[in-house]
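Text of structure19.tsv, listed as TSV, C-alpha atoms:
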chain	number	residue	atom	x	y	z
A	1	MET	CA	25.06	-27.11	28.23
A	2	LYS	CA	26.68	-23.70	27.82
A	3	ARG	CA	24.51	-20.79	26.83
A	4	VAL	CA	25.18	-18.12	24.21
A	5	VAL	CA	22.99	-15.04	24.51
A	6	ILE	CA	22.70	-12.78	21.47
A	7	ALA	CA	21.38	-9.27	22.15
A	8	GLY	CA	19.98	-7.93	18.89
A	9	MET	CA	18.78	-9.79	15.83
A	10	GLY	CA	19.99	-7.56	13.06
A	11	PHE	CA	22.35	-8.78	10.35
A	12	GLY	CA	25.18	-9.56	12.79
A	13	GLY	CA	23.07	-11.31	15.42
A	14	LEU	CA	21.27	-13.32	12.76
A	15	ARG	CA	24.51	-14.60	11.24
A	16	ALA	CA	25.92	-15.46	14.66
A	17	ALA	CA	22.82	-17.45	15.63
A	18	LYS	CA	22.80	-19.31	12.33
A	19	GLY	CA	26.50	-20.16	12.70
A	20	LEU	CA	25.98	-21.55	16.21
A	21	ALA	CA	22.80	-23.51	15.49
A	22	GLY	CA	23.13	-27.25	15.97
A	23	SER	CA	26.51	-26.93	17.68
A	24	GLY	CA	25.39	-28.36	21.03
A	25	LEU	CA	25.25	-24.90	22.63
A	26	GLU	CA	22.06	-23.28	23.88
A	27	ILE	CA	21.34	-20.12	21.89
A	28	VAL	CA	19.07	-17.43	23.32
A	29	MET	CA	18.18	-14.68	20.85
A	30	VAL	CA	16.94	-11.43	22.40
A	31	ASP	CA	15.38	-8.47	20.64
A	32	ARG	CA	12.85	-5.73	21.36
A	33	HIS	CA	10.99	-6.77	18.20
A	34	ASN	CA	9.86	-10.27	17.27
A	35	TYR	CA	11.16	-9.96	13.71
A	36	HIS	CA	14.36	-9.49	11.76
A	37	LEU	CA	14.17	-6.31	9.68
A	38	PHE	CA	15.83	-5.91	6.28
A	39	GLN	CA	16.73	-2.26	6.83
A	40	PRO	CA	18.21	-1.52	3.36
A	41	LEU	CA	14.68	-1.58	1.92
A	42	LEU	CA	12.97	0.55	4.58
A	43	TYR	CA	13.00	3.55	2.27
A	44	GLN	CA	10.83	1.61	-0.20
A	45	VAL	CA	8.21	1.12	2.50
A	46	ALA	CA	8.36	4.86	3.17
A	47	THR	CA	7.87	5.65	-0.53
A	48	ALA	CA	4.93	3.24	-1.01
A	49	GLY	CA	6.94	0.67	-2.96
A	50	LEU	CA	6.73	-2.29	-0.58
A	51	GLU	CA	4.48	-3.59	2.19
A	52	GLN	CA	5.99	-3.57	5.68
A	53	GLU	CA	5.63	-7.34	6.07
A	54	SER	CA	7.67	-8.07	2.95
A	55	ILE	CA	10.93	-6.87	4.52
A	56	ALA	CA	10.49	-8.42	7.97
A	57	TYR	CA	10.66	-12.06	9.09
A	58	PRO	CA	9.53	-13.55	12.44
A	59	ILE	CA	12.48	-14.56	14.60
A	60	ARG	CA	10.54	-17.42	16.18
A	61	ALA	CA	10.13	-18.92	12.72
A	62	LEU	CA	13.92	-18.98	12.45
A	63	ALA	CA	14.30	-20.43	15.96
A	64	ARG	CA	12.05	-23.34	14.98
A	65	ARG	CA	14.54	-24.31	12.28
A	66	TRP	CA	17.73	-23.84	14.27
A	67	LYS	CA	18.49	-26.63	16.72
A	68	GLY	CA	19.20	-25.39	20.23
A	69	ALA	CA	17.89	-21.87	19.54
A	70	ARG	CA	15.05	-20.02	21.25
A	71	PHE	CA	13.82	-16.44	21.26
A	72	ARG	CA	13.09	-14.00	24.09
A	73	LEU	CA	11.23	-10.76	23.39
A	74	GLY	CA	12.60	-8.04	25.61
A	75	GLU	CA	14.28	-4.65	25.97
A	76	VAL	CA	17.94	-4.87	27.05
A	77	THR	CA	18.78	-2.40	29.82
A	78	GLY	CA	22.31	-3.43	30.77
A	79	VAL	CA	24.85	-6.16	31.46
A	80	ASP	CA	26.14	-7.53	34.76
A	81	PHE	CA	29.61	-8.53	33.57
A	82	THR	CA	30.66	-9.90	36.95
A	83	GLY	CA	27.60	-12.09	37.38
A	84	LYS	CA	27.42	-12.84	33.62
A	85	ARG	CA	23.81	-11.76	33.23
A	86	LEU	CA	22.06	-9.81	30.50
A	87	MET	CA	19.61	-7.43	32.13
A	88	LEU	CA	16.15	-6.87	30.61
A	89	GLU	CA	13.29	-4.58	31.61
A	90	ASP	CA	11.37	-7.61	32.83
A	91	GLY	CA	14.08	-9.97	34.00
A	92	GLU	CA	17.58	-11.25	33.34
A	93	ILE	CA	19.29	-14.01	31.37
A	94	PRO	CA	22.49	-15.72	32.59
A	95	TYR	CA	25.09	-16.38	29.90
A	96	ASP	CA	28.36	-18.19	29.30
A	97	TYR	CA	28.98	-16.18	26.14
A	98	LEU	CA	27.35	-12.87	25.23
A	99	ILE	CA	27.17	-11.26	21.79
A	100	LEU	CA	26.17	-7.59	21.78
A	101	ALA	CA	24.63	-6.84	18.40
A	102	ALA	CA	21.98	-4.21	19.13
A	103	GLY	CA	22.83	-2.07	16.12
A	104	SER	CA	22.66	1.68	15.67
A	105	ARG	CA	20.44	4.74	15.86
A	106	THR	CA	20.26	7.89	13.81
A	107	ASN	CA	22.91	10.44	14.74
A	108	PHE	CA	21.53	13.98	14.94
A	109	PHE	CA	24.87	15.29	16.27
A	110	GLY	CA	23.28	16.85	19.32
A	111	GLN	CA	20.83	19.04	17.38
A	112	GLU	CA	17.72	18.57	19.49
A	113	ALA	CA	15.44	20.75	17.34
A	114	ILE	CA	16.28	18.74	14.24
A	115	GLU	CA	15.81	15.45	16.09
A	116	ARG	CA	12.40	16.63	17.28
A	117	HIS	CA	11.13	17.63	13.84
A	118	ALA	CA	12.94	15.33	11.40
A	119	PHE	CA	11.96	11.90	10.14
A	120	ASP	CA	14.49	9.08	10.08
A	121	LEU	CA	14.39	5.42	9.07
A	122	LYS	CA	15.51	2.77	11.52
A	123	ARG	CA	12.24	0.99	12.33
A	124	LEU	CA	9.17	-0.27	10.50
A	125	ASP	CA	6.84	2.13	12.29
A	126	GLN	CA	9.03	5.06	11.20
A	127	ALA	CA	8.71	4.00	7.56
A	128	GLU	CA	4.93	3.80	7.90
A	129	GLU	CA	4.81	7.18	9.64
A	130	LEU	CA	6.86	8.80	6.87
A	131	ARG	CA	4.69	7.26	4.15
A	132	ASN	CA	1.55	8.53	5.91
A	133	HIS	CA	3.11	11.97	6.20
A	134	VAL	CA	4.05	12.20	2.51
A	135	LEU	CA	0.61	11.10	1.35
A	136	LEU	CA	-1.15	13.44	3.79
A	137	ALA	CA	1.02	16.32	2.54
A	138	PHE	CA	-0.37	15.73	-0.95
A	139	GLU	CA	-3.91	15.38	0.39
A	140	GLN	CA	-3.65	18.74	2.12
A	141	ALA	CA	-1.82	20.44	-0.75
A	142	SER	CA	-4.50	19.33	-3.21
A	143	ARG	CA	-7.06	21.54	-1.43
A	144	GLU	CA	-4.81	24.24	0.09
A	145	PRO	CA	-5.76	27.74	-1.15
A	146	ASP	CA	-2.73	29.52	0.35
A	147	PRO	CA	0.09	29.30	-2.27
A	148	GLU	CA	2.89	29.66	0.29
A	149	ARG	CA	1.58	26.90	2.52
A	150	ARG	CA	0.97	24.76	-0.57
A	151	ARG	CA	4.61	25.19	-1.65
A	152	ALA	CA	5.79	24.23	1.84
A	153	LEU	CA	3.61	21.12	1.85
A	154	LEU	CA	5.09	20.06	-1.50
A	155	THR	CA	8.73	20.68	-0.51
A	156	PHE	CA	10.65	17.67	0.81
A	157	VAL	CA	14.16	18.13	2.23
A	158	VAL	CA	16.46	15.09	2.45
A	159	VAL	CA	19.67	15.53	4.44
A	160	GLY	CA	22.58	13.18	3.80
A	161	GLY	CA	24.13	12.18	0.49
A	162	GLY	CA	24.97	8.59	1.40
A	163	PRO	CA	23.17	5.56	-0.03
A	164	THR	CA	20.03	6.05	2.11
A	165	GLY	CA	19.60	9.70	1.18
A	166	VAL	CA	20.28	9.10	-2.50
A	167	GLU	CA	17.93	6.11	-2.68
A	168	PHE	CA	15.14	7.84	-0.78
A	169	ALA	CA	15.36	11.03	-2.87
A	170	GLY	CA	15.28	9.05	-6.12
A	171	ALA	CA	12.40	6.84	-5.00
A	172	LEU	CA	10.38	9.83	-3.77
A	173	ARG	CA	10.86	11.66	-7.08
A	174	GLU	CA	9.65	8.60	-9.00
A	175	LEU	CA	6.65	8.24	-6.66
A	176	VAL	CA	5.69	11.86	-7.34
A	177	ALA	CA	6.35	11.79	-11.10
A	178	HIS	CA	4.70	8.47	-11.96
A	179	VAL	CA	2.07	7.85	-9.28
A	180	LEU	CA	1.06	10.83	-7.16
A	181	SER	CA	0.87	13.11	-10.19
A	182	ARG	CA	-2.00	10.90	-11.40
A	183	ASP	CA	-3.60	10.41	-7.99
A	184	TYR	CA	-3.65	14.16	-7.38
A	185	PRO	CA	-4.48	15.94	-10.65
A	186	GLU	CA	-4.83	19.17	-8.66
A	187	VAL	CA	-1.05	19.10	-8.03
A	188	ARG	CA	1.29	19.66	-10.98
A	189	PRO	CA	4.50	17.57	-10.79
A	190	GLU	CA	6.65	20.69	-11.22
A	191	GLU	CA	5.16	22.14	-8.03
A	192	THR	CA	6.88	19.46	-5.96
A	193	ARG	CA	10.43	20.15	-4.79
A	194	ILE	CA	12.73	17.40	-3.55
A	195	ILE	CA	15.96	18.84	-2.17
A	196	LEU	CA	18.92	16.60	-1.29
A	197	MET	CA	21.51	18.29	0.94
A	198	GLU	CA	25.02	17.02	1.60
A	199	ALA	CA	27.67	18.68	3.75
A	200	ALA	CA	30.54	17.25	1.69
A	201	SER	CA	31.50	18.23	-1.85
A	202	SER	CA	30.09	15.04	-3.41
A	203	LEU	CA	27.45	12.37	-3.01
A	204	LEU	CA	28.26	8.75	-2.08
A	205	ALA	CA	31.66	9.65	-0.68
A	206	VAL	CA	32.82	6.01	-0.37
A	207	MET	CA	32.45	5.43	-4.12
A	208	PRO	CA	34.79	6.30	-7.01
A	209	GLN	CA	34.52	9.80	-8.44
A	210	ARG	CA	32.96	8.61	-11.69
A	211	LEU	CA	30.07	6.98	-9.83
A	212	GLN	CA	29.62	10.05	-7.65
A	213	GLY	CA	29.27	12.13	-10.79
A	214	TYR	CA	26.81	9.67	-12.34
A	215	ALA	CA	24.61	9.72	-9.24
A	216	LEU	CA	24.63	13.52	-9.14
A	217	GLU	CA	23.71	13.94	-12.80
A	218	ARG	CA	21.08	11.21	-12.66
A	219	LEU	CA	19.32	12.77	-9.67
A	220	ARG	CA	19.38	16.21	-11.22
A	221	SER	CA	18.00	14.87	-14.50
A	222	MET	CA	15.11	13.34	-12.51
A	223	GLY	CA	14.30	16.71	-10.99
A	224	VAL	CA	15.97	16.36	-7.58
A	225	GLU	CA	17.66	19.57	-6.43
A	226	VAL	CA	21.08	18.59	-5.06
A	227	MET	CA	22.80	21.06	-2.75
A	228	LEU	CA	26.41	20.12	-1.95
A	229	GLN	CA	28.55	21.64	0.81
A	230	THR	CA	25.35	22.59	2.60
A	231	ARG	CA	24.70	22.09	6.31
A	232	VAL	CA	21.38	22.23	8.12
A	233	SER	CA	21.57	24.34	11.26
A	234	GLY	CA	18.02	24.02	12.54
A	235	ALA	CA	14.39	23.13	11.97
A	236	ASP	CA	11.04	24.06	13.50
A	237	GLY	CA	8.55	21.78	11.75
A	238	GLU	CA	7.68	24.33	9.08
A	239	HIS	CA	11.13	25.56	8.06
A	240	VAL	CA	14.63	24.19	7.57
A	241	HIS	CA	17.48	26.56	8.38
A	242	ILE	CA	20.74	26.33	6.47
A	243	ASN	CA	24.15	27.65	7.51
A	244	GLY	CA	24.50	31.01	5.84
A	245	GLY	CA	21.03	32.18	6.75
A	246	GLU	CA	18.86	30.63	4.04
A	247	VAL	CA	15.49	29.32	5.22
A	248	ILE	CA	13.45	26.75	3.25
A	249	PRO	CA	9.72	26.52	4.05
A	250	THR	CA	8.89	22.81	4.30
A	251	HIS	CA	6.83	20.45	6.41
A	252	THR	CA	9.03	17.40	5.65
A	253	LEU	CA	12.63	16.95	6.74
A	254	PHE	CA	14.16	13.49	6.31
A	255	TRP	CA	17.49	12.97	8.10
A	256	SER	CA	20.01	10.38	6.90
A	257	ALA	CA	23.22	12.27	7.65
A	258	GLY	CA	24.75	9.88	10.15
A	259	VAL	CA	24.44	6.94	12.53
A	260	ALA	CA	25.70	6.16	16.01
A	261	ALA	CA	25.71	3.09	18.22
A	262	VAL	CA	22.51	2.49	20.17
A	263	GLU	CA	22.26	4.19	23.56
A	264	LEU	CA	22.88	0.86	25.30
A	265	ALA	CA	26.54	1.05	24.24
A	266	GLY	CA	27.03	4.11	26.41
A	267	LYS	CA	25.41	2.54	29.49
A	268	LEU	CA	27.77	-0.41	29.89
A	269	GLY	CA	30.84	1.40	31.24
A	270	LEU	CA	33.03	0.20	28.38
A	271	ALA	CA	35.62	2.09	26.34
A	272	GLN	CA	34.04	3.81	23.36
A	273	GLY	CA	35.29	5.08	20.04
A	274	GLY	CA	33.70	7.35	17.47
A	275	ALA	CA	29.89	7.47	17.23
A	276	GLY	CA	29.65	5.86	20.67
A	277	ARG	CA	30.82	2.46	19.43
A	278	ILE	CA	32.36	-0.06	21.83
A	279	ILE	CA	36.08	-0.61	21.28
A	280	VAL	CA	36.78	-4.30	20.72
A	281	ALA	CA	39.86	-6.52	20.54
A	282	PRO	CA	41.10	-8.10	17.28
A	283	ASP	CA	38.83	-11.11	17.94
A	284	LEU	CA	35.87	-8.72	18.57
A	285	SER	CA	35.81	-9.49	22.30
A	286	ILE	CA	35.76	-6.81	24.99
A	287	ALA	CA	38.85	-6.05	27.07
A	288	GLY	CA	38.62	-7.76	30.47
A	289	HIS	CA	35.62	-9.84	29.39
A	290	PRO	CA	36.80	-12.37	26.80
A	291	GLU	CA	33.43	-14.15	26.89
A	292	VAL	CA	31.65	-10.99	25.68
A	293	PHE	CA	31.73	-9.88	22.03
A	294	ALA	CA	30.44	-6.74	20.32
A	295	ILE	CA	29.70	-6.79	16.62
A	296	GLY	CA	28.12	-4.70	13.89
A	297	ASP	CA	27.29	-1.05	14.42
A	298	MET	CA	27.94	-1.34	18.17
A	299	ALA	CA	31.58	-2.32	17.65
A	300	CYS	CA	34.52	-0.06	16.87
A	301	ARG	CA	37.27	-2.05	15.18
A	302	GLU	CA	40.01	-0.49	13.09
A	303	GLN	CA	41.38	-2.14	9.97
A	304	ASP	CA	44.36	-0.66	8.16
A	305	GLY	CA	44.17	2.34	10.48
A	306	VAL	CA	40.53	3.16	9.71
A	307	PRO	CA	37.41	2.17	11.69
A	308	LEU	CA	35.27	-0.33	9.82
A	309	PRO	CA	32.11	1.25	8.38
A	310	MET	CA	28.70	0.80	9.95
A	311	LEU	CA	27.31	-1.37	7.17
A	312	ALA	CA	25.27	-4.58	7.00
A	313	PRO	CA	28.06	-6.59	5.28
A	314	VAL	CA	30.47	-5.75	8.11
A	315	ALA	CA	27.95	-6.89	10.73
A	316	SER	CA	27.21	-10.10	8.81
A	317	GLN	CA	30.87	-11.07	8.50
A	318	GLN	CA	31.49	-10.25	12.17
A	319	GLY	CA	28.53	-12.40	13.20
A	320	GLN	CA	29.88	-15.34	11.22
A	321	TYR	CA	33.36	-14.80	12.69
A	322	VAL	CA	32.16	-14.66	16.32
A	323	ALA	CA	30.17	-17.87	15.88
A	324	ARG	CA	33.31	-19.62	14.63
A	325	ALA	CA	35.40	-18.04	17.41
A	326	ILE	CA	33.07	-19.37	20.13
A	327	LEU	CA	33.06	-22.85	18.64
A	328	ALA	CA	36.84	-22.75	18.37
A	329	ARG	CA	37.17	-21.80	22.04
A	330	GLU	CA	34.95	-24.70	23.04
A	331	GLU	CA	37.42	-26.96	21.25
A	332	GLY	CA	40.42	-25.32	22.90
A	333	ALA	CA	41.50	-23.51	19.75
A	334	SER	CA	41.50	-19.91	18.55
A	335	LEU	CA	41.05	-17.99	15.33
A	336	PRO	CA	43.24	-15.35	13.70
A	337	PRO	CA	42.04	-11.75	14.18
A	338	PHE	CA	38.90	-10.69	12.36
A	339	ARG	CA	39.44	-9.08	8.99
A	340	TYR	CA	36.66	-7.62	6.90
A	341	LEU	CA	36.52	-8.55	3.23
A	342	ASP	CA	35.00	-5.65	1.33
A	343	LYS	CA	32.90	-7.13	-1.45
A	344	GLY	CA	31.72	-3.76	-2.72
A	345	THR	CA	29.16	-1.01	-2.30
A	346	MET	CA	26.07	-0.14	-4.29
A	347	ALA	CA	23.14	2.23	-4.35
A	348	THR	CA	20.07	2.50	-6.56
A	349	ILE	CA	18.94	5.88	-7.86
A	350	GLY	CA	15.74	4.93	-9.62
A	351	ARG	CA	14.30	2.74	-12.32
A	352	ASN	CA	17.14	1.27	-14.45
A	353	ALA	CA	19.74	3.37	-12.62
A	354	ALA	CA	22.22	2.42	-9.91
A	355	VAL	CA	25.91	2.60	-9.08
A	356	ALA	CA	28.07	-0.26	-7.84
A	357	THR	CA	31.71	-0.98	-7.15
A	358	THR	CA	33.18	-4.39	-6.34
A	359	HIS	CA	36.74	-5.70	-6.28
A	360	GLY	CA	38.02	-2.58	-7.99
A	361	VAL	CA	35.44	-2.72	-10.79
A	362	SER	CA	32.90	0.11	-11.06
A	363	PHE	CA	29.74	0.12	-13.14
A	364	SER	CA	26.52	2.12	-13.35
A	365	GLY	CA	23.17	2.30	-15.08
A	366	TYR	CA	21.06	-0.74	-15.92
A	367	PRO	CA	23.71	-3.43	-15.16
A	368	ALA	CA	24.29	-2.00	-11.68
A	369	TRP	CA	20.54	-1.70	-11.11
A	370	LEU	CA	19.99	-5.35	-12.09
A	371	VAL	CA	22.78	-6.53	-9.75
A	372	TRP	CA	21.30	-4.40	-6.96
A	373	LEU	CA	17.89	-6.04	-7.45
A	374	LEU	CA	19.24	-9.58	-7.50
A	375	LEU	CA	21.46	-9.14	-4.43
A	376	HIS	CA	18.70	-7.59	-2.35
A	377	LEU	CA	16.34	-10.40	-3.30
A	378	TYR	CA	19.00	-12.96	-2.40
A	379	TYR	CA	19.66	-11.54	1.06
A	380	LEU	CA	15.99	-11.21	2.02
A	381	ILE	CA	14.84	-13.94	4.40
A	382	GLY	CA	11.97	-16.20	3.40
A	383	PHE	CA	10.63	-17.35	0.04
A	384	ARG	CA	7.35	-15.47	0.58
A	385	ASN	CA	9.18	-12.19	1.20
A	386	ARG	CA	11.32	-12.64	-1.90
A	387	LEU	CA	8.25	-13.42	-3.99
A	388	LEU	CA	6.29	-10.42	-2.67
A	389	VAL	CA	9.17	-8.02	-3.27
A	390	LEU	CA	9.81	-9.40	-6.75
A	391	MET	CA	6.12	-9.08	-7.65
A	392	ASN	CA	5.98	-5.49	-6.38
A	393	TRP	CA	9.11	-4.52	-8.29
A	394	ALA	CA	7.91	-6.20	-11.48
A	395	TYR	CA	4.49	-4.56	-11.24
A	396	TYR	CA	6.02	-1.13	-10.73
A	397	TYR	CA	8.55	-1.65	-13.53
A	398	TRP	CA	5.93	-2.47	-16.14
A	399	PHE	CA	3.02	-0.30	-15.00
A	400	HIS	CA	4.65	2.58	-13.06
A	401	GLU	CA	2.21	1.87	-10.25
A	402	ARG	CA	2.80	1.50	-6.51
A	403	GLN	CA	0.04	-0.31	-4.68
A	404	VAL	CA	0.99	0.47	-1.09
A	405	ARG	CA	0.03	4.14	-1.01
A	406	LEU	CA	-2.16	3.71	2.03
A	407	ILE	CA	-2.69	6.21	4.83
A	408	THR	CA	-2.89	3.68	7.63
A	409	ALA	CA	-3.07	5.81	10.77
A	410	SER	CA	-3.62	9.30	12.07
A	411	PRO	CA	-0.40	11.30	11.70
A	412	ARG	CA	1.70	11.80	14.80
A	413	ARG	CA	2.67	15.20	13.43
A	414	SER	CA	0.62	17.17	10.95
A	415	PRO	CA	2.22	18.05	7.58
Please, can you express the file's structure as structure tokens?
Amino acid sequence: MKRVVIAGMGFGGLRAAKGLAGSGLEIVMVDRHNYHLFQPLLYQVATAGLEQESIAYPIRALARRWKGARFRLGEVTGVDFTGKRLMLEDGEIPYDYLILAAGSRTNFFGQEAIERHAFDLKRLDQAEELRNHVLLAFEQASREPDPERRRALLTFVVVGGGPTGVEFAGALRELVAHVLSRDYPEVRPEETRIILMEAASSLLAVMPQRLQGYALERLRSMGVEVMLQTRVSGADGEHVHINGGEVIPTHTLFWSAGVAAVELAGKLGLAQGGAGRIIVAPDLSIAGHPEVFAIGDMACREQDGVPLPMLAPVASQQGQYVARAILAREEGASLPPFRYLDKGTMATIGRNAAVATTHGVSFSGYPAWLVWLLLHLYYLIGFRNRLLVLMNWAYYYWFHERQVRLITASPRRSP
């Protein structure tokens, strides 16, 4: 029985494993975590909207359902392409086919000081750490006698005007306005500053201009300070430095200004494109190693002269394609080159407010928000997770209350 090894169980790896299940091939799923994480909702964990467990699903529970599949917990350290072995910290796994789907990391563009002091959202523990930090900032501000330090504690800088930055800024403003303002009567809502910085001249650059304008006006009406054409040049834990010399006193810097392929991509000796992504052939295989595929954020594949974006829908479609490509090869056939079908982009800004574009149609406000809710519920794995998320959203919608505002550990860095 031939073996397919899948390194990384994000959206792409998950779809590949599901497509290969029951095919007569042995499927070995490898990941450093024992769960699949629904990353698009991480910001809601960080802003006390959802429990961590509601956006994660055990991979072994999936393996039980998929015939021929099993899971191996481990950290991938490299690949022996000649010997066809995936190398782990604690061993190795031979393969007949290998799918590299280890995802991405936050791109700090070489700014070590910012990387050292900024928060980012790629893992569950990072979301919990950020939530702890925000709540502790309010705890300290509520009893801080020094007005300057109090202002710094209540200033939150968000860098990056893409979907993650927009969604996080909107959710944080709603948390402050509707929940923390009641939990901390010593802190007036107007004392809190949420600043969203974007280097470009607009937010949500991939969306039509009308939706960009809607998002900008909506955020500003909520009380978010949006600074366009603004670049962060440095940070020291208590200040954020902006090109031009301005310095903003703050103890919270959240970075969502870019992503790059995981460091593993640079250790394999393969040709790389922008953001450290592995250059792949039209069928998503690697030059010189047709039995090895790279998908999702690790893969650099151009379509119509432009690299495909590092988005979950791209990874999902590539995972489905690679599964079909492997099965076709086993039957002595081949598939046409991979082509991504863009079904649209969306982002939520807050309660009853979102922007969405699909198949040339753009819409905003409540209809877009409702579609955003339904699609995210649909793509979550597990009935229990869907039910928990739906209950949390419904409770917050009707009562303006978020139940997960728990400080669950000592902070790794003090606000």
Next on the checklist: List the spatial neighbours of segment 41-44 of chain A as a PyMOL selection string - criterion: any atom at most 12 Å away, only C-alpha atoms, same-chain residues fewer than 3 positions off excluded.
Outcome noted: chain A and resi 37-38+47-56+119-131+163-172+174-175+254-256+347-350+372-373+375-377+379-380+385+389+392-393+396+402-405
Can you spit out the residues from that selection as a PDB file, keeping the file's coordinate frame, using C-alpha atoms?
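Here's the written file result.pdb:
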ATOM      1  CA  LEU A  37      14.170  -6.310   9.680  1.00  0.00           C
ATOM      2  CA  PHE A  38      15.830  -5.910   6.280  1.00  0.00           C
ATOM      3  CA  THR A  47       7.870   5.650  -0.530  1.00  0.00           C
ATOM      4  CA  ALA A  48       4.930   3.240  -1.010  1.00  0.00           C
ATOM      5  CA  GLY A  49       6.940   0.670  -2.960  1.00  0.00           C
ATOM      6  CA  LEU A  50       6.730  -2.290  -0.580  1.00  0.00           C
ATOM      7  CA  GLU A  51       4.480  -3.590   2.190  1.00  0.00           C
ATOM      8  CA  GLN A  52       5.990  -3.570   5.680  1.00  0.00           C
ATOM      9  CA  GLU A  53       5.630  -7.340   6.070  1.00  0.00           C
ATOM     10  CA  SER A  54       7.670  -8.070   2.950  1.00  0.00           C
ATOM     11  CA  ILE A  55      10.930  -6.870   4.520  1.00  0.00           C
ATOM     12  CA  ALA A  56      10.490  -8.420   7.970  1.00  0.00           C
ATOM     13  CA  PHE A 119      11.960  11.900  10.140  1.00  0.00           C
ATOM     14  CA  ASP A 120      14.490   9.080  10.080  1.00  0.00           C
ATOM     15  CA  LEU A 121      14.390   5.420   9.070  1.00  0.00           C
ATOM     16  CA  LYS A 122      15.510   2.770  11.520  1.00  0.00           C
ATOM     17  CA  ARG A 123      12.240   0.990  12.330  1.00  0.00           C
ATOM     18  CA  LEU A 124       9.170  -0.270  10.500  1.00  0.00           C
ATOM     19  CA  ASP A 125       6.840   2.130  12.290  1.00  0.00           C
ATOM     20  CA  GLN A 126       9.030   5.060  11.200  1.00  0.00           C
ATOM     21  CA  ALA A 127       8.710   4.000   7.560  1.00  0.00           C
ATOM     22  CA  GLU A 128       4.930   3.800   7.900  1.00  0.00           C
ATOM     23  CA  GLU A 129       4.810   7.180   9.640  1.00  0.00           C
ATOM     24  CA  LEU A 130       6.860   8.800   6.870  1.00  0.00           C
ATOM     25  CA  ARG A 131       4.690   7.260   4.150  1.00  0.00           C
ATOM     26  CA  PRO A 163      23.170   5.560  -0.030  1.00  0.00           C
ATOM     27  CA  THR A 164      20.030   6.050   2.110  1.00  0.00           C
ATOM     28  CA  GLY A 165      19.600   9.700   1.180  1.00  0.00           C
ATOM     29  CA  VAL A 166      20.280   9.100  -2.500  1.00  0.00           C
ATOM     30  CA  GLU A 167      17.930   6.110  -2.680  1.00  0.00           C
ATOM     31  CA  PHE A 168      15.140   7.840  -0.780  1.00  0.00           C
ATOM     32  CA  ALA A 169      15.360  11.030  -2.870  1.00  0.00           C
ATOM     33  CA  GLY A 170      15.280   9.050  -6.120  1.00  0.00           C
ATOM     34  CA  ALA A 171      12.400   6.840  -5.000  1.00  0.00           C
ATOM     35  CA  LEU A 172      10.380   9.830  -3.770  1.00  0.00           C
ATOM     36  CA  GLU A 174       9.650   8.600  -9.000  1.00  0.00           C
ATOM     37  CA  LEU A 175       6.650   8.240  -6.660  1.00  0.00           C
ATOM     38  CA  PHE A 254      14.160  13.490   6.310  1.00  0.00           C
ATOM     39  CA  TRP A 255      17.490  12.970   8.100  1.00  0.00           C
ATOM     40  CA  SER A 256      20.010  10.380   6.900  1.00  0.00           C
ATOM     41  CA  ALA A 347      23.140   2.230  -4.350  1.00  0.00           C
ATOM     42  CA  THR A 348      20.070   2.500  -6.560  1.00  0.00           C
ATOM     43  CA  ILE A 349      18.940   5.880  -7.860  1.00  0.00           C
ATOM     44  CA  GLY A 350      15.740   4.930  -9.620  1.00  0.00           C
ATOM     45  CA  TRP A 372      21.300  -4.400  -6.960  1.00  0.00           C
ATOM     46  CA  LEU A 373      17.890  -6.040  -7.450  1.00  0.00           C
ATOM     47  CA  LEU A 375      21.460  -9.140  -4.430  1.00  0.00           C
ATOM     48  CA  HIS A 376      18.700  -7.590  -2.350  1.00  0.00           C
ATOM     49  CA  LEU A 377      16.340 -10.400  -3.300  1.00  0.00           C
ATOM     50  CA  TYR A 379      19.660 -11.540   1.060  1.00  0.00           C
ATOM     51  CA  LEU A 380      15.990 -11.210   2.020  1.00  0.00           C
ATOM     52  CA  ASN A 385       9.180 -12.190   1.200  1.00  0.00           C
ATOM     53  CA  VAL A 389       9.170  -8.020  -3.270  1.00  0.00           C
ATOM     54  CA  ASN A 392       5.980  -5.490  -6.380  1.00  0.00           C
ATOM     55  CA  TRP A 393       9.110  -4.520  -8.290  1.00  0.00           C
ATOM     56  CA  TYR A 396       6.020  -1.130 -10.730  1.00  0.00           C
ATOM     57  CA  ARG A 402       2.800   1.500  -6.510  1.00  0.00           C
ATOM     58  CA  GLN A 403       0.040  -0.310  -4.680  1.00  0.00           C
ATOM     59  CA  VAL A 404       0.990   0.470  -1.090  1.00  0.00           C
ATOM     60  CA  ARG A 405       0.030   4.140  -1.010  1.00  0.00           C
TER      61      ARG A 405
END
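Once segment 203-219 of chain A and its same-chain neighbours fewer than 4 positions away are set aside, Gly161, Gly162, Pro163, Val166, Gly170, Glu198, Gly223, Val224, Glu225, Val226, Leu228, Thr345, Ile349, Ala353, Ala354, Val355, Ala356, Thr357, Ser362, Phe363 and Ser364 of chain A remain within 8 Å of it when counting all atoms listed in the file.
Of note, atom CA of Ala257 of chain A and atom CA of Ala7 of chain A are spaced 26.0 Å apart.
Distances from A:Glu302, A:Ile326, A:Tyr57, A:Asp236 to Gln111 of chain A were compared using only C-alpha atoms, and the smallest one belongs to A:Asp236.
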Checklist outcome for this item: Across A:Thr77, A:Ser233, A:Ser181, A:Gln140, the smallest distance to Glu115 of chain A, with all atoms listed in the file counted, is shown by A:Ser233
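Atom CA of Asn352 of chain A is positioned 26.4 Å from atom CA of Phe138 of chain A.
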Next on the checklist: Considering only C-alpha atoms, can you say which of A:Ala177, A:Val5, A:Ala69, A:Ala113 comes closest to Pro94 of chain A?
Outcome noted: A:Val5
